[in-house]
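The structure file input-v3.csv is reproduced below (CSV, C-alpha atoms and all ligand atoms).
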chain,number,residue,atom,x,y,z
A,206,MET,CA,79.3,100.3,111.9
A,207,GLN,CA,78.5,102.1,115.1
A,208,GLY,CA,77.8,105.8,114.6
A,209,PRO,CA,79.5,108.5,116.6
A,210,ARG,CA,77.7,109.7,119.7
A,211,SER,CA,76.3,113.2,119.7
A,212,LYS,CA,78.6,116.0,120.6
A,213,LEU,CA,78.1,119.4,122.1
A,214,LEU,CA,80.4,122.0,120.7
A,215,LEU,CA,81.8,125.3,122.1
A,216,LYS,CA,79.1,127.9,121.7
A,217,SER,CA,81.4,130.8,121.1
A,218,TYR,CA,82.7,129.4,117.9
A,219,ARG,CA,79.3,128.9,116.4
A,220,LYS,CA,78.5,132.3,114.8
A,221,PRO,CA,81.9,133.5,113.7
A,222,PHE,CA,83.2,130.2,112.3
A,223,ARG,CA,81.1,127.1,112.3
A,224,ASP,CA,78.0,128.6,110.7
A,225,PRO,CA,79.8,130.2,107.8
A,226,ILE,CA,81.9,127.1,107.1
A,227,LEU,CA,79.0,124.8,107.3
A,228,LYS,CA,77.0,127.0,104.9
A,229,LYS,CA,79.9,126.9,102.4
A,230,ILE,CA,80.2,123.1,102.7
A,231,ARG,CA,76.5,122.7,102.0
A,232,ASN,CA,76.6,125.1,99.1
A,233,GLN,CA,79.6,123.5,97.5
A,234,PHE,CA,79.1,119.8,98.0
A,235,LYS,CA,75.6,118.9,99.1
A,236,ASN,CA,73.6,117.0,96.4
A,237,ARG,CA,76.2,118.0,93.8
A,238,GLU,CA,76.4,115.5,90.9
A,239,TYR,CA,79.7,114.1,89.6
A,240,LYS,CA,79.3,112.6,86.2
A,241,LYS,CA,82.5,113.1,84.2
A,242,LEU,CA,83.5,110.0,82.1
A,243,PRO,CA,86.3,107.9,83.6
A,244,TYR,CA,89.3,106.5,81.7
A,245,CYS,CA,90.0,102.8,81.4
A,246,SER,CA,93.7,102.4,81.1
A,247,ARG,CA,93.4,98.7,80.3
A,248,CYS,CA,91.4,99.4,77.1
A,249,ASP,CA,92.6,103.0,76.6
A,250,ASN,CA,89.0,104.0,76.6
A,251,ASP,CA,87.6,107.3,77.5
A,252,GLU,CA,84.4,107.4,75.5
A,253,TYR,CA,82.6,104.0,75.5
A,254,PHE,CA,80.9,103.6,78.8
A,255,ARG,CA,77.6,102.4,80.0
A,256,PHE,CA,76.1,104.7,82.6
A,257,LEU,CA,75.0,102.7,85.6
A,258,GLY,CA,73.3,105.4,87.5
A,259,LEU,CA,74.1,107.8,90.4
A,260,ARG,CA,75.1,106.6,93.8
A,261,GLU,CA,74.8,108.6,96.9
A,262,ARG,CA,78.1,109.0,98.8
A,263,THR,CA,78.9,110.9,102.0
A,264,PHE,CA,81.3,113.8,101.5
A,265,CYS,CA,81.5,114.3,105.3
A,266,GLN,CA,79.5,114.3,108.4
A,267,VAL,CA,78.8,117.6,110.1
A,268,ILE,CA,77.6,118.4,113.6
A,269,THR,CA,74.4,120.5,113.8
A,270,ASN,CA,73.8,123.1,116.4
A,271,GLU,CA,71.7,120.7,118.3
A,272,GLY,CA,74.7,118.3,118.5
A,273,ASP,CA,73.3,115.8,116.0
A,274,PHE,CA,75.1,114.4,113.1
A,275,GLU,CA,74.2,115.2,109.5
A,276,LYS,CA,75.6,113.5,106.4
A,277,ILE,CA,76.5,115.8,103.6
A,278,GLN,CA,75.6,113.6,100.6
A,279,LEU,CA,76.5,114.0,97.0
A,280,LYS,CA,75.9,111.9,93.9
A,281,VAL,CA,78.6,110.0,92.0
A,282,ALA,CA,78.0,108.4,88.6
A,283,ARG,CA,79.1,104.8,88.0
A,284,TYR,CA,80.1,103.5,84.6
A,285,ARG,CA,81.0,100.2,83.1
A,286,CYS,CA,83.8,100.1,80.5
A,287,ASN,CA,82.0,99.0,77.3
A,288,LYS,CA,85.0,98.6,75.2
A,289,HIS,CA,86.5,95.3,76.3
A,290,CYS,CA,87.0,94.8,80.0
A,291,ARG,CA,83.6,95.7,81.5
A,292,LYS,CA,85.2,97.0,84.7
A,293,ILE,CA,83.2,99.4,86.8
A,294,PHE,CA,84.5,102.9,87.4
A,295,ILE,CA,83.2,106.0,89.2
A,296,ALA,CA,83.1,109.4,87.6
A,297,SER,CA,86.6,110.8,87.1
A,298,ASP,CA,85.7,114.1,88.8
A,299,ALA,CA,84.2,112.4,91.9
A,300,PRO,CA,86.1,113.7,94.9
A,301,PHE,CA,87.0,110.4,96.5
A,302,TYR,CA,90.0,108.2,97.1
A,303,SER,CA,89.5,104.5,96.7
A,304,ASN,CA,88.6,102.9,100.0
A,305,CYS,CA,88.0,106.2,101.8
A,306,ARG,CA,84.6,106.9,103.0
A,307,TYR,CA,84.8,110.7,103.1
A,308,GLY,CA,85.7,113.2,100.4
A,309,LYS,CA,89.2,113.8,99.1
A,310,GLN,CA,89.2,117.3,100.5
A,311,ILE,CA,88.5,116.1,104.0
A,312,VAL,CA,91.1,113.3,103.7
A,313,ASP,CA,93.7,115.7,102.4
A,314,LEU,CA,92.9,118.2,105.2
A,315,CYS,CA,93.4,115.5,107.8
A,316,ARG,CA,96.6,114.2,106.2
A,317,PHE,CA,98.0,117.7,106.2
A,318,LEU,CA,97.1,118.5,109.8
A,319,ALA,CA,98.3,115.1,111.0
A,320,LYS,CA,101.9,116.0,110.2
A,321,GLU,CA,102.0,118.5,113.0
A,322,HIS,CA,99.1,117.9,115.3
A,323,PRO,CA,97.9,115.0,117.5
A,324,VAL,CA,94.8,113.2,116.2
A,325,LEU,CA,92.7,114.1,119.2
A,326,GLU,CA,93.5,117.8,118.7
A,327,ILE,CA,92.5,117.5,115.0
A,328,GLU,CA,89.2,115.8,115.9
A,329,ARG,CA,88.3,118.5,118.4
A,330,THR,CA,89.4,121.4,116.3
A,331,LEU,CA,87.6,120.4,113.2
A,332,ALA,CA,84.5,119.8,115.2
A,333,ASN,CA,84.5,123.1,117.1
A,334,ILE,CA,85.8,125.4,114.4
A,335,ALA,CA,84.2,123.8,111.3
A,336,GLY,CA,81.5,121.6,112.6
A,337,ILE,CA,83.1,118.6,110.8
A,338,GLN,CA,82.8,115.3,112.5
A,339,ILE,CA,85.7,113.0,112.0
A,340,ASP,CA,86.9,110.7,114.7
A,341,ARG,CA,90.5,110.0,115.7
A,342,ASP,CA,90.4,106.4,114.5
A,343,THR,CA,89.5,107.6,111.0
A,344,ILE,CA,92.4,110.1,111.0
A,345,ARG,CA,94.7,107.3,112.2
A,346,ARG,CA,93.5,105.1,109.3
A,347,TYR,CA,94.4,107.9,106.8
A,348,ILE,CA,97.8,108.3,108.4
A,349,THR,CA,98.5,104.6,107.8
A,350,LYS,CA,96.9,104.4,104.4
A,351,PHE,CA,98.8,107.4,103.0
A,352,LYS,CA,101.9,106.8,105.0
A,353,VAL,CA,101.8,110.3,106.5
A,354,THR,CA,105.2,111.3,108.0
A,355,ILE,CA,104.5,112.7,111.4
A,356,GLY,CA,106.9,115.5,112.3
A,357,PRO,CA,107.5,117.0,115.7
A,358,HIS,CA,104.1,118.2,117.0
A,359,LYS,CA,103.7,121.9,117.1
A,360,ASN,CA,102.6,123.6,120.2
A,361,LYS,CA,98.9,123.7,120.5
A,362,LYS,CA,97.6,126.4,118.3
A,363,CYS,CA,94.7,128.6,118.9
A,364,TYR,CA,91.6,127.0,117.2
A,365,THR,CA,91.3,129.9,114.8
A,366,ASP,CA,94.7,129.3,113.3
A,367,PHE,CA,93.2,126.3,111.6
A,368,ILE,CA,90.7,128.4,109.7
A,369,PRO,CA,93.0,129.3,106.7
A,370,ILE,CA,94.1,125.7,106.4
A,371,ILE,CA,90.5,124.5,106.4
A,372,GLU,CA,89.6,127.1,103.8
A,373,LYS,CA,92.5,126.2,101.6
A,374,PHE,CA,91.8,122.4,101.6
A,375,LEU,CA,88.0,122.7,101.4
A,376,PHE,CA,87.2,125.6,99.2
A,377,ASN,CA,90.1,127.2,97.4
A,378,ASP,CA,90.7,127.3,93.7
A,379,ASP,CA,92.8,124.2,93.8
A,380,THR,CA,89.6,122.3,94.4
A,381,LYS,CA,88.0,123.9,91.4
A,382,ARG,CA,91.0,123.1,89.4
A,383,LYS,CA,91.1,119.5,90.5
A,384,PHE,CA,87.4,119.0,89.8
A,385,PRO,CA,86.7,121.3,86.9
A,386,MET,CA,83.1,121.7,85.9
A,387,GLY,CA,83.7,122.3,82.2
A,388,ARG,CA,86.3,121.8,79.6
A,389,LYS,CA,89.2,124.3,79.8
A,390,SER,CA,92.4,124.3,78.0
A,391,TRP,CA,94.9,122.0,79.7
A,392,THR,CA,97.7,124.6,79.1
A,393,LYS,CA,95.9,127.0,81.4
A,394,HIS,CA,95.7,124.4,84.1
A,395,LEU,CA,99.2,123.2,83.6
A,396,TYR,CA,100.7,126.6,84.1
A,397,GLU,CA,98.4,127.6,86.9
A,398,SER,CA,98.8,124.5,88.9
A,399,LYS,CA,101.6,123.7,91.3
A,400,SER,CA,101.1,119.9,91.3
A,401,ILE,CA,100.0,117.3,88.9
A,402,ASP,CA,98.7,113.7,89.2
A,403,ILE,CA,101.2,111.1,88.0
A,404,PRO,CA,99.3,108.6,85.9
A,405,LYS,CA,99.3,105.1,87.5
A,406,PRO,CA,101.3,103.4,84.8
A,407,LEU,CA,104.2,105.8,85.2
A,408,PHE,CA,104.0,105.7,88.9
A,409,ASP,CA,104.1,101.9,88.9
A,410,ALA,CA,107.0,101.9,86.4
A,411,LEU,CA,108.9,104.3,88.6
A,412,ARG,CA,108.2,102.2,91.7
A,413,GLU,CA,109.4,99.0,90.0
A,414,TYR,CA,112.5,100.8,88.9
A,415,GLY,CA,113.1,102.1,92.4
A,416,LYS,CA,112.7,98.6,93.8
A,417,LYS,CA,115.1,97.0,91.4
A,418,ASN,CA,117.7,99.6,92.0
A,419,ASP,CA,117.0,99.9,95.7
A,420,ILE,CA,116.2,103.6,95.6
A,421,THR,CA,113.2,105.5,96.8
A,422,LEU,CA,110.4,106.7,94.6
A,423,GLN,CA,111.6,110.2,94.9
A,424,GLU,CA,115.1,109.2,93.8
A,425,ALA,CA,113.6,107.2,90.9
A,426,ILE,CA,111.8,110.4,89.7
A,427,GLN,CA,115.0,112.3,90.0
A,428,GLU,CA,116.8,109.6,88.0
A,429,LEU,CA,114.2,109.6,85.3
A,430,LYS,CA,114.5,113.3,85.1
A,431,ARG,CA,118.2,113.1,84.9
A,432,VAL,CA,118.1,110.6,82.1
A,433,TRP,CA,115.6,112.7,80.2
A,434,ASP,CA,117.7,115.9,80.6
A,435,SER,CA,120.8,114.0,79.4
A,436,GLY,CA,118.9,113.5,76.1
A,437,ASN,CA,119.4,109.7,76.2
A,438,LYS,CA,116.0,108.7,74.9
A,439,GLN,CA,116.8,105.1,74.7
A,440,GLU,CA,117.7,104.9,78.4
A,441,PHE,CA,114.6,106.9,79.2
A,442,GLU,CA,112.4,104.4,77.3
A,443,ASN,CA,114.1,101.5,78.9
A,444,ILE,CA,113.2,102.8,82.4
A,445,LEU,CA,109.5,102.9,81.4
A,446,ILE,CA,109.3,99.8,79.2
A,447,TYR,CA,111.4,97.4,81.3
A,448,ASN,CA,109.5,98.2,84.4
A,449,PRO,CA,105.9,97.5,83.3
A,450,PRO,CA,103.2,98.1,85.8
A,451,PRO,CA,101.8,95.0,87.5
A,452,ASP,CA,98.3,94.1,86.3
A,453,SER,CA,96.0,96.2,88.4
A,454,LYS,CA,92.8,94.9,89.6
A,455,GLU,CA,91.6,98.1,91.3
A,456,HIS,CA,88.4,99.5,90.0
A,457,ILE,CA,89.2,103.0,90.8
A,458,ARG,CA,92.3,104.4,89.1
A,459,PRO,CA,94.5,105.8,91.9
A,460,ARG,CA,96.5,108.9,91.3
A,461,PHE,CA,99.6,110.2,93.1
A,462,GLN,CA,100.2,113.8,93.5
A,463,VAL,CA,103.7,115.2,93.2
A,464,ASP,CA,105.3,118.6,92.9
A,465,LYS,CA,104.7,119.6,89.3
A,466,SER,CA,108.3,120.9,88.8
A,467,GLN,CA,109.5,117.3,88.9
A,468,PHE,CA,107.4,116.3,85.9
A,469,GLU,CA,107.5,119.3,83.7
A,470,PHE,CA,109.9,117.5,81.4
A,471,ILE,CA,107.2,115.1,80.4
A,472,GLU,CA,105.5,117.9,78.5
A,473,ASP,CA,108.4,117.8,76.0
A,474,ILE,CA,107.7,114.2,75.2
A,475,LEU,CA,104.5,115.0,73.4
A,476,LYS,CA,104.8,118.6,72.6
A,477,GLU,CA,104.4,117.8,68.9
A,478,LYS,CA,101.3,115.7,69.6
A,479,ASN,CA,99.4,118.6,71.2
A,480,ARG,CA,96.2,116.7,71.7
A,481,TYR,CA,93.2,118.5,73.2
A,482,CYS,CA,93.0,117.6,76.9
A,483,ASP,CA,91.0,118.7,79.8
A,484,ASN,CA,93.8,119.2,82.3
A,485,PRO,CA,97.4,118.3,83.1
A,486,THR,CA,96.4,114.9,84.3
A,487,ASP,CA,94.6,114.2,81.1
A,488,PHE,CA,97.5,115.5,79.1
A,489,ILE,CA,100.2,113.5,80.9
A,490,ARG,CA,98.0,110.4,80.8
A,491,ARG,CA,97.4,110.7,77.1
A,492,ALA,CA,101.0,111.5,76.5
A,493,LEU,CA,102.1,108.5,78.4
A,494,THR,CA,99.5,106.2,76.9
A,495,TRP,CA,100.5,107.3,73.4
A,496,TYR,CA,104.1,106.9,74.3
A,497,MET,CA,103.7,103.4,75.7
A,498,ARG,CA,101.5,102.3,72.8
A,499,GLU,CA,104.1,103.6,70.3
A,500,LYS,CA,106.6,101.5,72.1
A,501,GLY,CA,104.4,98.4,71.9
A,502,TYR,CA,103.8,98.1,75.6
A,503,LEU,CA,100.1,98.8,75.2
A,504,PRO,CA,98.0,97.2,72.4
A,505,LYS,CA,97.5,99.4,69.3
A,506,LYS,CA,94.3,101.3,69.1
A,507,LYS,CA,91.7,99.6,66.9
B,1,ZN,ZN,88.1,98.8,79.9
Could I get this file's structure written as structure tokens?
Amino acid sequence: MQGPRSKLLLKSYRKPFRDPILKKIRNQFKNREYKKLPYCSRCDNDEYFRFLGLRERTFCQVITNEGDFEKIQLKVARYRCNKHCRKIFIASDAPFYSNCRYGKQIVDLCRFLAKEHPVLEIERTLANIAGIQIDRDTIRRYITKFKVTIGPHKNKKCYTDFIPIIEKFLFNDDTKRKFPMGRKSWTKHLYESKSIDIPKPLFDALREYGKKNDITLQEAIQELKRVWDSGNKQEFENILIYNPPPDSKEHIRPRFQVDKSQFEFIEDILKEKNRYCDNPTDFIRRALTWYMREKGYLPKKK
């Protein structure tokens, strides 16, 4: 792949903005290691993995004050599922989407900005204000991949208006919550967080259900919630069990973030199980896995 050409940035933004942001990016991401064990949904395995070593990945590229590009590298552990399937996974706390070269935080930042700003403006702003190199074609790829809805473009903002947005996506507590360093009680996460990741099996079930009934995913979620609220557990089970997820060949388990309030009701399913979990994602995942196994969709645990 051809690398980007060197860029000279506006000098006036260097000291007040670029330098501090670059320092933070280096502190937070450079050479950091991500090693948390993954979860194999095919084998319901979260403990038997073979460690395959650390692999360097590029969190982002930044532009130095000389106008050169520097890769901010971090290290991501790879594992092989040693229970049955021998699939390869990356560490579950690694900040990457599948098939995206740069880190999740960078991708999410671009997705957010792309809703209201032209790609060229995003490219220039991120470079000048944060020293982050991301070219417009990459942003366009994210728009396509994540189906970003582009609203009416806002009037061109002052560069500095982007600072809080950059801070929020790159460094705020959400980031820490999403990639926690240690084990914390999931209840704390659950109540602190505004959004959760839907586990893939549930997402797929809802998508299938939506397709069959010719409704959107959002409507399918609403429908599932309505059924749950109505107390008709049989119907609720039917939605999940008769819309089994297609066999996934992806090596990295994708997640889909939704507004938490839409999924709070899932907590109730497993309140009595109260298993120890790291975070809401873990909790929902375990809850759903348990639920689907109870219903015979997944093989019983050996
Ligand atoms: Zn497996």
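Taking all atoms listed in the file into account, every polymer residue with at least one atom at most 6 Å away from ligand ZN 1 (chain B) is listed here: Cys245, Arg247, Cys248, Cys286, Lys288, His289, Cys290, Arg291 and Lys292 of chain A.
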Using C-alpha atoms, can you export the residues from the last selection as a PDB file, in the frame of the given file?
ATOM      1  CA  CYS A 245      90.000 102.800  81.400  1.00  0.00           C
ATOM      2  CA  ARG A 247      93.400  98.700  80.300  1.00  0.00           C
ATOM      3  CA  CYS A 248      91.400  99.400  77.100  1.00  0.00           C
ATOM      4  CA  CYS A 286      83.800 100.100  80.500  1.00  0.00           C
ATOM      5  CA  LYS A 288      85.000  98.600  75.200  1.00  0.00           C
ATOM      6  CA  HIS A 289      86.500  95.300  76.300  1.00  0.00           C
ATOM      7  CA  CYS A 290      87.000  94.800  80.000  1.00  0.00           C
ATOM      8  CA  ARG A 291      83.600  95.700  81.500  1.00  0.00           C
ATOM      9  CA  LYS A 292      85.200  97.000  84.700  1.00  0.00           C
TER      10      LYS A 292
END
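Atom CA of A:Arg346 lies 14.3 Å from atom CA of A:Gly308.
Look at A:Phe264: the protein and nucleic acid residues within 10 Å of it, using all atoms listed in the file and passing over chain neighbours fewer than 6 places away, are Ile230, Phe234, Lys235, Asn236, Lys276, Ile277, Gln278, Leu279, Lys280, Pro300, Phe301, Arg306, Tyr307, Gly308, Lys309, Gln310 and Ile311 of chain A.
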Atom CA of A:Ala296 sits from atom CA of A:Gln338 at a separation of 25.6 Å
Long-range neighbours of A:Phe367 as number ranges by chain, 10 Å cut-off, only C-alpha atoms, 2 positions minimum in chain: A: 318, 327, 330-331, 334-335, 362-365, 369-372
Here atom CA of A:Ala319 and atom CA of A:His358 stand apart by 8.9 Å
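When all atoms listed in the file are used to measure the gap to A:Asp273, the shortest distance among A:Leu214, A:Gln427, A:Ile344, A:Ile420 belongs to A:Leu214.
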